[in-house]
Amino acid sequence: MCLFPAFLAGFNVSLYAQIKPSAVQGRVLTDNYITAQAVTIVLLKYRDSSIVNSTITKKDGLFQFIGVLPDRYLLLVRAVGFKKSYSGPYLVAIGQTINAADVVLIPDNKQLKEVSVTSSRPEIEVKPGKVILNVQNNLLAEGNSAFDILRQSPGVRVDNSKFSIKGRLSALITIDGKPTNLSGDDLAGVLKGMQSNTIDYIELITSESAKYDASGGGIINIVLKKGKNTGANGTVTGTGGYGKYYKSNAGIVFNDRTDKFNVFGNYNYTDDKTFHDFVTDRSFNYNILSDYHVDYNGVQQSNNHTFNLGTDYFLSANHTIGFLINGTIRTDNISKDNKLKISNQAVLDSTINANSNLTRHTSRVNYNINYTGKLDNAGKTISSEFNYTTYNRTSAEYITNDFFDAAGNTYRNPLMLQNLSPSNIHIWLSKIDFTDPLSKTSKLEAGIKYSHVISNNNLVFGPLINGQYQSDPMFSNNFLYKENVNAAYVNYQNKFDKFDLTTGLRAEQTIATGNSITLGKQVSSNYLDFFPQVTVTYSYNDKHEYSLSYNRGINRPLYEEINPFLYYVDLYDYREGNSNLKPQYSNSIELSYIYNKTFTTTLYSTVVGSAYTFPFYEQNDISKVNITTFKNLETIYNYGIRIFEPVVLTNWWNTDFFLDASYQRYVAYAEYGNLNKGTQDVIFDITQHFVISKTISAEFLAHYESPTFYGVNQFKANYYINAGISKQLFNKRGNLKLNVSDIFNTLRDRNYTNYQNLNLSITDKRESQIARLTFTYRFGKTTVKAVSTHHTGNEEEQKRTGSAN
């Protein structure tokens with residue numbers, strides 16, 4: 001079955017390769033009928049004037065758009081000192097080249113005024129080392145959170161709130177280029193509170209340059225909306241949904257831009273209820289055959305406030321300062337019902353029912369001050385920013401364990417437990433970046449970055465004795481972690497004829513101390529690493545492009561992975577951090593081929609040393625207690641191919657194919673067993689886009705992942721189908737969208753482990769079959785300033801965070 005997606009993808013490549021790509025071309029002349037150079041040509045869709053592409057004329061006044069999808073188009077022609085003009089409409093069919101009529105420019109001495117446009121980008125843009133998900137154009141993303149969007153995005157894996165885009169390595173999650181420094185439930189809570197209407201686009205970066213943090217697992221960068229329109233304008237959004245329980249969201253995105261100021265922001269309120277069920281079976285054969293069967297049912301009700309408020313002040317045409325504050329305030333109430341059945345020799349021995357209620361309150365607030373300056377007319381720029389982030393969590397859980405024998409009779413008094421886990425994190429981050437265009441084809445970039453993190457985690461766990469909860473020193477602890485990362489980089493870019501070169505070196509010094517105050521244990525580390533990066537791109541012609549890249553990366557342990565707490569799951573199941581966990585290092589190579597700026601094929605290889613990316617189990621056969629932890633096991637080898645193919649079938653139907661097929665091998669040191677196993681992993685996504693009418697469109701997404709092996713866990717196949725339909729209203733200012741995720745309710749994780757003395761199977765099911773109805777309405781002005789927009793400094797601000805398109 002794994003060969004079918006590959007065959008289908010190859011068939012479509014062959015089919016499309018036989019179809020000549022459509023094109024629109026023409027010539028622009030001055031009023032004296034002299035060929036006009038460097039005139040801007042914008043290709044617009046005729047039905048809604050949305051921008052499809054743009055280019056400039058060459059010395060001979062000629063221009064060309066290649067790979068144009070079948071549709072009706074207009075040409076917008078703009079040049080300084082001349083009136084803007086339109087040409088068309090032109091009906092483009094499959095394989096047809098349209099020769100537009102010559103455009104003659106008409107002089108205009110009046111100052112250019114504003115032009116009203118609607119930007120349109122493809123849902124997915126694939127470039128060497130990067131995939132861009134344009135969330136605002138994704139019908140299936142409407143009403144979903146960032147967590148849900150990533151979970152259904154091509155090439156993204158989500159395992160227990162861990163996100164991966166390179167094999168199963170943990171990706172660095174950043175928001176507007178800034179690391180969240182969160183993991184697990186804390187990270188999931190922030191992403192679940194971030195709604196699609198506040199997100200501009202998401203970057204999945206697998207081959208990052210030296211200016212990025214040296215993340216071995218790649219980077220997922222979530223770029224929030226920042227208004228660029230003049231005047232006051234915004235968008236209001238409301239979503240109602242239902243799966244097994246209700247979903248709701250309401251929000252507003254706004255900005256008000258003048259010549260001197262740009263004030264922008266958003267606010268969202270979410271009220272959701274969801275479920276999480278899982279079933280585990282653990283078998284033992286120690287003197288007698290025993291089975292520990294757990295059936296867990298959890299219901300979570302969440303209220304979430306997400307906000308973002310900022311302003312840019314344009315000191316001059318070349319200098320901008322800005323201030324930004326954003327954050328999330330979230331409250332979760334989780335009701336848990338955990339039933340453990342213990343059997344010996346296939347006969348029920350006893351049952352332990354654990355019921356609890358957990359109340360968790362979290363808040364994350366980030367403050368940012370930034371400056372961008374253009375130093376001269378040659379294009380030298382400098383930018384700087386300072387960030388201060390606070391994260392606070394209070395969590396209180398009270399657990400009641402009831403004990404029953406095989407006949408259902410109580411055989412001991414209930415065990416009452418208290419589980420308190422407050423946490424607070426403070427992050428200081430500052431950086432300076434400098435860019436110097438050495439020539440028309442070369443550029444030098446350099447920068448420094450400093451980050452300081454203090455993480456204070458407390459765990460108070462113990463039983464109820466004589467009406468008072470007592471702290472159990474075996475489980476209770478206070479862990480204080482401090483980390484400094486000092487980084488510097490230099491990047492060089494140049495263009496040699498048909499070659500583009502980007503090469504750089506990043507140095508990162510890490511100084512960290514972990515102090516287990518209760519246990520009286522302290523660990524420290526101080527290490528300096530260098531991370532080279534190089535990318536060479538060869539443009540054979542307008543249709544064929546090749547790219548080869550190499551980079552070295554690092555994954556530092558997450559705070560919860562090095563925190564030596566023993567976390568309670570149930571009386572026979574615990575999680576424990578490892579304060580001696582070391583970083584893992586990766587070396588990655590990617591070779592990409594891009595055909596006609598659309599079809600992308602990438603061969604990749606990643607080798608990870610001191611790997612700890614997957615969970616490791618330590619089971620005591622006598623006590624029957626299983627502890628999940630992390631170890632630096634040894635090496636992971638990952639080799640594969642990624643293919644992305646957008647195929648135009650008709651003028652109302654097009655399809656995106658995504659295939660990621662890889663071979664992975666896991667090798668462990670002898671002390672951790674005889675792990676040396678290789679396996680395949682095939683992920684296939686197909687997205688269908690339909691234009692039903694001028695105001696109605698629809699989408700359909702099917703996902704399949706083959707059975708695969710991850711660490712010591714063997715996973716079964718994973719698959720689901722999503723669909724959505726959209727209707728434009730109120731002169732295209734309003735939009736009503738209905739989408740249904742996991743239509744057939746098939747999405748769940750199923751895996752088993754048979755390694756050393758552990759025999760464990762897990763079925764994990766979270767609520768995924770959900771229907772959502774979302775209404776959006778745009779208000780205010782929708783004009784974008786002509787000419788002066790490139791002087792505002794906003795583009796450089798995006799580049800500074802590595803998030804510019």
# chains A, B, ... in the order shown; residues from 1 in each chain; ligands from 1
call {"tool": "residues_around", "arguments": {"residues": "range 52-57 of chain A", "least_positions_apart": "4", "cutoff": "7 Å", "atoms": "only C-alpha atoms", "output": "PDB file with all heavy atoms, in the first residue's frame"}}
result
ATOM      1  N   GLN A  37      12.115  50.126 -19.910  1.00  0.00           N
ATOM      2  CA  GLN A  37      12.780  49.178 -19.014  1.00  0.00           C
ATOM      3  C   GLN A  37      12.336  49.399 -17.577  1.00  0.00           C
ATOM      4  O   GLN A  37      12.002  50.514 -17.177  1.00  0.00           O
ATOM      5  CB  GLN A  37      14.300  49.341 -19.119  1.00  0.00           C
ATOM      6  CG  GLN A  37      15.092  48.390 -18.242  1.00  0.00           C
ATOM      7  CD  GLN A  37      16.584  48.650 -18.307  1.00  0.00           C
ATOM      8  OE1 GLN A  37      17.036  49.514 -19.042  1.00  0.00           O
ATOM      9  NE2 GLN A  37      17.349  47.907 -17.529  1.00  0.00           N
ATOM     10  N   ALA A  38      12.344  48.310 -16.766  1.00  0.00           N
ATOM     11  CA  ALA A  38      12.066  48.356 -15.330  1.00  0.00           C
ATOM     12  C   ALA A  38      10.673  48.872 -15.014  1.00  0.00           C
ATOM     13  O   ALA A  38      10.441  49.497 -13.981  1.00  0.00           O
ATOM     14  CB  ALA A  38      13.116  49.178 -14.593  1.00  0.00           C
ATOM     15  N   VAL A  39       9.714  48.600 -15.872  1.00  0.00           N
ATOM     16  CA  VAL A  39       8.315  48.931 -15.616  1.00  0.00           C
ATOM     17  C   VAL A  39       7.680  47.760 -14.855  1.00  0.00           C
ATOM     18  O   VAL A  39       7.902  46.595 -15.195  1.00  0.00           O
ATOM     19  CB  VAL A  39       7.561  49.197 -16.932  1.00  0.00           C
ATOM     20  CG1 VAL A  39       6.071  49.418 -16.666  1.00  0.00           C
ATOM     21  CG2 VAL A  39       8.159  50.386 -17.645  1.00  0.00           C
ATOM     22  N   THR A  40       6.903  48.064 -13.831  1.00  0.00           N
ATOM     23  CA  THR A  40       6.265  47.014 -13.023  1.00  0.00           C
ATOM     24  C   THR A  40       5.017  46.492 -13.723  1.00  0.00           C
ATOM     25  O   THR A  40       4.119  47.273 -14.085  1.00  0.00           O
ATOM     26  CB  THR A  40       5.888  47.546 -11.638  1.00  0.00           C
ATOM     27  OG1 THR A  40       7.078  47.979 -10.968  1.00  0.00           O
ATOM     28  CG2 THR A  40       5.214  46.466 -10.805  1.00  0.00           C
ATOM     29  N   ILE A  41       4.953  45.171 -13.886  1.00  0.00           N
ATOM     30  CA  ILE A  41       3.790  44.512 -14.481  1.00  0.00           C
ATOM     31  C   ILE A  41       3.191  43.595 -13.418  1.00  0.00           C
ATOM     32  O   ILE A  41       3.894  42.747 -12.854  1.00  0.00           O
ATOM     33  CB  ILE A  41       4.166  43.680 -15.722  1.00  0.00           C
ATOM     34  CG1 ILE A  41       5.062  44.474 -16.664  1.00  0.00           C
ATOM     35  CG2 ILE A  41       2.916  43.178 -16.419  1.00  0.00           C
ATOM     36  CD1 ILE A  41       4.383  45.692 -17.265  1.00  0.00           C
ATOM     37  N   VAL A  42       1.907  43.786 -13.144  1.00  0.00           N
ATOM     38  CA  VAL A  42       1.228  42.977 -12.134  1.00  0.00           C
ATOM     39  C   VAL A  42       0.153  42.138 -12.825  1.00  0.00           C
ATOM     40  O   VAL A  42      -0.692  42.676 -13.547  1.00  0.00           O
ATOM     41  CB  VAL A  42       0.586  43.853 -11.037  1.00  0.00           C
ATOM     42  CG1 VAL A  42      -0.058  42.978  -9.973  1.00  0.00           C
ATOM     43  CG2 VAL A  42       1.624  44.779 -10.414  1.00  0.00           C
ATOM     44  N   LEU A  43       0.203  40.835 -12.617  1.00  0.00           N
ATOM     45  CA  LEU A  43      -0.797  39.922 -13.168  1.00  0.00           C
ATOM     46  C   LEU A  43      -1.928  39.782 -12.158  1.00  0.00           C
ATOM     47  O   LEU A  43      -1.709  39.347 -11.021  1.00  0.00           O
ATOM     48  CB  LEU A  43      -0.158  38.563 -13.457  1.00  0.00           C
ATOM     49  CG  LEU A  43      -1.049  37.513 -14.138  1.00  0.00           C
ATOM     50  CD1 LEU A  43      -1.401  37.962 -15.554  1.00  0.00           C
ATOM     51  CD2 LEU A  43      -0.341  36.151 -14.170  1.00  0.00           C
ATOM     52  N   LEU A  44      -3.152  40.182 -12.564  1.00  0.00           N
ATOM     53  CA  LEU A  44      -4.313  40.168 -11.677  1.00  0.00           C
ATOM     54  C   LEU A  44      -5.352  39.174 -12.180  1.00  0.00           C
ATOM     55  O   LEU A  44      -5.528  39.001 -13.389  1.00  0.00           O
ATOM     56  CB  LEU A  44      -4.967  41.555 -11.610  1.00  0.00           C
ATOM     57  CG  LEU A  44      -4.094  42.753 -11.237  1.00  0.00           C
ATOM     58  CD1 LEU A  44      -4.889  44.035 -11.388  1.00  0.00           C
ATOM     59  CD2 LEU A  44      -3.592  42.605  -9.815  1.00  0.00           C
ATOM     60  N   LYS A  45      -6.050  38.547 -11.238  1.00  0.00           N
ATOM     61  CA  LYS A  45      -7.204  37.747 -11.629  1.00  0.00           C
ATOM     62  C   LYS A  45      -8.343  38.676 -12.028  1.00  0.00           C
ATOM     63  O   LYS A  45      -8.647  39.641 -11.322  1.00  0.00           O
ATOM     64  CB  LYS A  45      -7.639  36.827 -10.487  1.00  0.00           C
ATOM     65  CG  LYS A  45      -6.716  35.634 -10.288  1.00  0.00           C
ATOM     66  CD  LYS A  45      -7.308  34.643  -9.304  1.00  0.00           C
ATOM     67  CE  LYS A  45      -6.395  33.421  -9.169  1.00  0.00           C
ATOM     68  NZ  LYS A  45      -6.952  32.424  -8.224  1.00  0.00           N
ATOM     69  N   GLY A  61      12.019  45.985 -23.088  1.00  0.00           N
ATOM     70  CA  GLY A  61      10.627  46.263 -22.775  1.00  0.00           C
ATOM     71  C   GLY A  61       9.746  45.037 -22.669  1.00  0.00           C
ATOM     72  O   GLY A  61       8.540  45.152 -22.461  1.00  0.00           O
ATOM     73  N   LEU A  62      10.337  43.854 -22.769  1.00  0.00           N
ATOM     74  CA  LEU A  62       9.551  42.625 -22.751  1.00  0.00           C
ATOM     75  C   LEU A  62       9.355  42.112 -21.319  1.00  0.00           C
ATOM     76  O   LEU A  62      10.184  42.338 -20.437  1.00  0.00           O
ATOM     77  CB  LEU A  62      10.240  41.544 -23.585  1.00  0.00           C
ATOM     78  CG  LEU A  62      10.409  41.849 -25.081  1.00  0.00           C
ATOM     79  CD1 LEU A  62      11.164  40.720 -25.780  1.00  0.00           C
ATOM     80  CD2 LEU A  62       9.065  42.076 -25.753  1.00  0.00           C
ATOM     81  N   PHE A  63       8.247  41.412 -21.119  1.00  0.00           N
ATOM     82  CA  PHE A  63       7.973  40.759 -19.853  1.00  0.00           C
ATOM     83  C   PHE A  63       7.304  39.425 -20.136  1.00  0.00           C
ATOM     84  O   PHE A  63       6.750  39.198 -21.226  1.00  0.00           O
ATOM     85  CB  PHE A  63       7.079  41.617 -18.959  1.00  0.00           C
ATOM     86  CG  PHE A  63       5.681  41.826 -19.514  1.00  0.00           C
ATOM     87  CD1 PHE A  63       4.652  40.935 -19.236  1.00  0.00           C
ATOM     88  CD2 PHE A  63       5.403  42.922 -20.330  1.00  0.00           C
ATOM     89  CE1 PHE A  63       3.379  41.122 -19.745  1.00  0.00           C
ATOM     90  CE2 PHE A  63       4.130  43.119 -20.844  1.00  0.00           C
ATOM     91  CZ  PHE A  63       3.121  42.219 -20.552  1.00  0.00           C
ATOM     92  N   SER A 120      -3.069  37.924  -2.884  1.00  0.00           N
ATOM     93  CA  SER A 120      -3.412  36.512  -2.944  1.00  0.00           C
ATOM     94  C   SER A 120      -2.139  35.708  -3.112  1.00  0.00           C
ATOM     95  O   SER A 120      -1.397  35.912  -4.058  1.00  0.00           O
ATOM     96  CB  SER A 120      -4.374  36.244  -4.106  1.00  0.00           C
ATOM     97  OG  SER A 120      -4.681  34.884  -4.197  1.00  0.00           O
TER      98      SER A 120
END
call {"tool": "select_by_dssp", "arguments": {"residues": "range 480-586 of chain A", "states": "strand (DSSP E or B)", "output": "PyMOL selection string"}}
result
chain A and resi 480-496+499-516+521-539+544-555+566-570+573-576+584-586
call {"tool": "write_last_selection", "arguments": {"atoms": "C-alpha atoms", "output": "mmCIF file, in the first residue's frame"}}
result
data_model
loop_
_atom_site.group_PDB
_atom_site.id
_atom_site.type_symbol
_atom_site.label_atom_id
_atom_site.label_comp_id
_atom_site.auth_asym_id
_atom_site.auth_seq_id
_atom_site.Cartn_x
_atom_site.Cartn_y
_atom_site.Cartn_z
ATOM 1 C CA LEU A 480 15.878 25.839 39.570
ATOM 2 C CA TYR A 481 17.400 25.988 36.089
ATOM 3 C CA LYS A 482 19.430 28.864 34.619
ATOM 4 C CA GLU A 483 20.714 29.037 31.064
ATOM 5 C CA ASN A 484 22.679 31.594 29.062
ATOM 6 C CA VAL A 485 23.146 31.234 25.306
ATOM 7 C CA ASN A 486 25.557 33.691 23.690
ATOM 8 C CA ALA A 487 25.530 33.564 19.901
ATOM 9 C CA ALA A 488 27.194 35.313 16.957
ATOM 10 C CA TYR A 489 26.977 34.683 13.239
ATOM 11 C CA VAL A 490 28.330 35.860 9.908
ATOM 12 C CA ASN A 491 26.602 35.189 6.587
ATOM 13 C CA TYR A 492 27.820 35.840 3.045
ATOM 14 C CA GLN A 493 25.678 35.806 -0.102
ATOM 15 C CA ASN A 494 26.768 36.241 -3.704
ATOM 16 C CA LYS A 495 25.557 35.561 -7.215
ATOM 17 C CA PHE A 496 27.938 34.251 -9.865
ATOM 18 C CA PHE A 499 25.011 30.328 -9.288
ATOM 19 C CA ASP A 500 23.778 31.691 -5.965
ATOM 20 C CA LEU A 501 25.913 31.095 -2.884
ATOM 21 C CA THR A 502 24.940 31.497 0.761
ATOM 22 C CA THR A 503 27.460 30.449 3.370
ATOM 23 C CA GLY A 504 27.765 31.224 7.037
ATOM 24 C CA LEU A 505 29.051 30.243 10.431
ATOM 25 C CA ARG A 506 27.246 30.494 13.741
ATOM 26 C CA ALA A 507 28.852 30.154 17.164
ATOM 27 C CA GLU A 508 26.789 29.425 20.283
ATOM 28 C CA GLN A 509 28.083 29.260 23.826
ATOM 29 C CA THR A 510 25.805 27.585 26.366
ATOM 30 C CA ILE A 511 26.253 28.077 30.117
ATOM 31 C CA ALA A 512 23.680 26.231 32.230
ATOM 32 C CA THR A 513 23.147 25.178 35.841
ATOM 33 C CA GLY A 514 20.415 22.987 37.278
ATOM 34 C CA ASN A 515 19.860 22.950 41.023
ATOM 35 C CA SER A 516 17.575 20.336 42.587
ATOM 36 C CA LYS A 521 21.902 17.935 43.679
ATOM 37 C CA GLN A 522 23.409 20.353 41.159
ATOM 38 C CA VAL A 523 24.516 19.871 37.562
ATOM 39 C CA SER A 524 26.245 22.397 35.328
ATOM 40 C CA SER A 525 27.518 22.645 31.770
ATOM 41 C CA ASN A 526 29.555 25.108 29.726
ATOM 42 C CA TYR A 527 30.231 24.385 26.061
ATOM 43 C CA LEU A 528 30.976 26.261 22.839
ATOM 44 C CA ASP A 529 29.794 24.930 19.473
ATOM 45 C CA PHE A 530 30.218 26.029 15.868
ATOM 46 C CA PHE A 531 27.535 25.511 13.265
ATOM 47 C CA PRO A 532 28.550 25.931 9.600
ATOM 48 C CA GLN A 533 25.994 26.316 6.827
ATOM 49 C CA VAL A 534 26.284 26.503 3.051
ATOM 50 C CA THR A 535 23.717 26.576 0.229
ATOM 51 C CA VAL A 536 24.562 26.599 -3.482
ATOM 52 C CA THR A 537 21.779 27.168 -6.020
ATOM 53 C CA TYR A 538 22.216 26.681 -9.762
ATOM 54 C CA SER A 539 19.612 28.128 -12.166
ATOM 55 C CA HIS A 544 15.170 24.221 -13.989
ATOM 56 C CA GLU A 545 16.812 25.050 -10.658
ATOM 57 C CA TYR A 546 19.056 22.950 -8.417
ATOM 58 C CA SER A 547 20.032 23.563 -4.796
ATOM 59 C CA LEU A 548 22.500 21.832 -2.470
ATOM 60 C CA SER A 549 22.705 22.705 1.228
ATOM 61 C CA TYR A 550 24.480 21.533 4.376
ATOM 62 C CA ASN A 551 24.015 22.619 7.979
ATOM 63 C CA ARG A 552 24.884 21.447 11.463
ATOM 64 C CA GLY A 553 22.437 21.835 14.328
ATOM 65 C CA ILE A 554 21.833 21.212 18.010
ATOM 66 C CA ASN A 555 18.865 20.184 20.136
ATOM 67 C CA LEU A 566 9.167 11.967 39.306
ATOM 68 C CA TYR A 567 5.762 12.822 37.783
ATOM 69 C CA TYR A 568 2.773 10.738 38.859
ATOM 70 C CA VAL A 569 0.618 9.200 36.102
ATOM 71 C CA ASP A 570 -0.912 6.398 38.159
ATOM 72 C CA ASP A 573 3.270 4.547 35.874
ATOM 73 C CA TYR A 574 5.551 7.605 36.236
ATOM 74 C CA ARG A 575 7.555 10.080 34.135
ATOM 75 C CA GLU A 576 11.001 11.255 35.194
ATOM 76 C CA GLN A 584 22.117 15.984 20.571
ATOM 77 C CA TYR A 585 23.836 17.159 17.379
ATOM 78 C CA SER A 586 22.715 16.733 13.782
#
call {"tool": "residues_around", "arguments": {"residues": "Ala250 in chain A", "least_positions_apart": "4", "cutoff": "12 Å", "atoms": "only C-alpha atoms", "output": "PyMOL selection string"}}
result
chain A and resi 143-144+193-198+235-241+266-272+303-306+773-777
call {"tool": "residues_around", "arguments": {"residues": "Ile721 in chain A", "least_positions_apart": "3", "cutoff": "6 Å", "atoms": "only C-alpha atoms", "output": "number ranges by chain"}}
result
A: 701-702, 742-743
call {"tool": "closest_residue", "arguments": {"among": "A:Ser302, A:Asn478, A:Thr280, A:Asn285", "to": "Ser248 in chain A", "atoms": "only C-alpha atoms"}}
result
A:Ser302
call {"tool": "select_by_dssp", "arguments": {"residues": "range 522-616 of chain A", "states": "alpha helix (DSSP H)", "output": "MDAnalysis selection string"}}
result
chainID A and resid 559:562
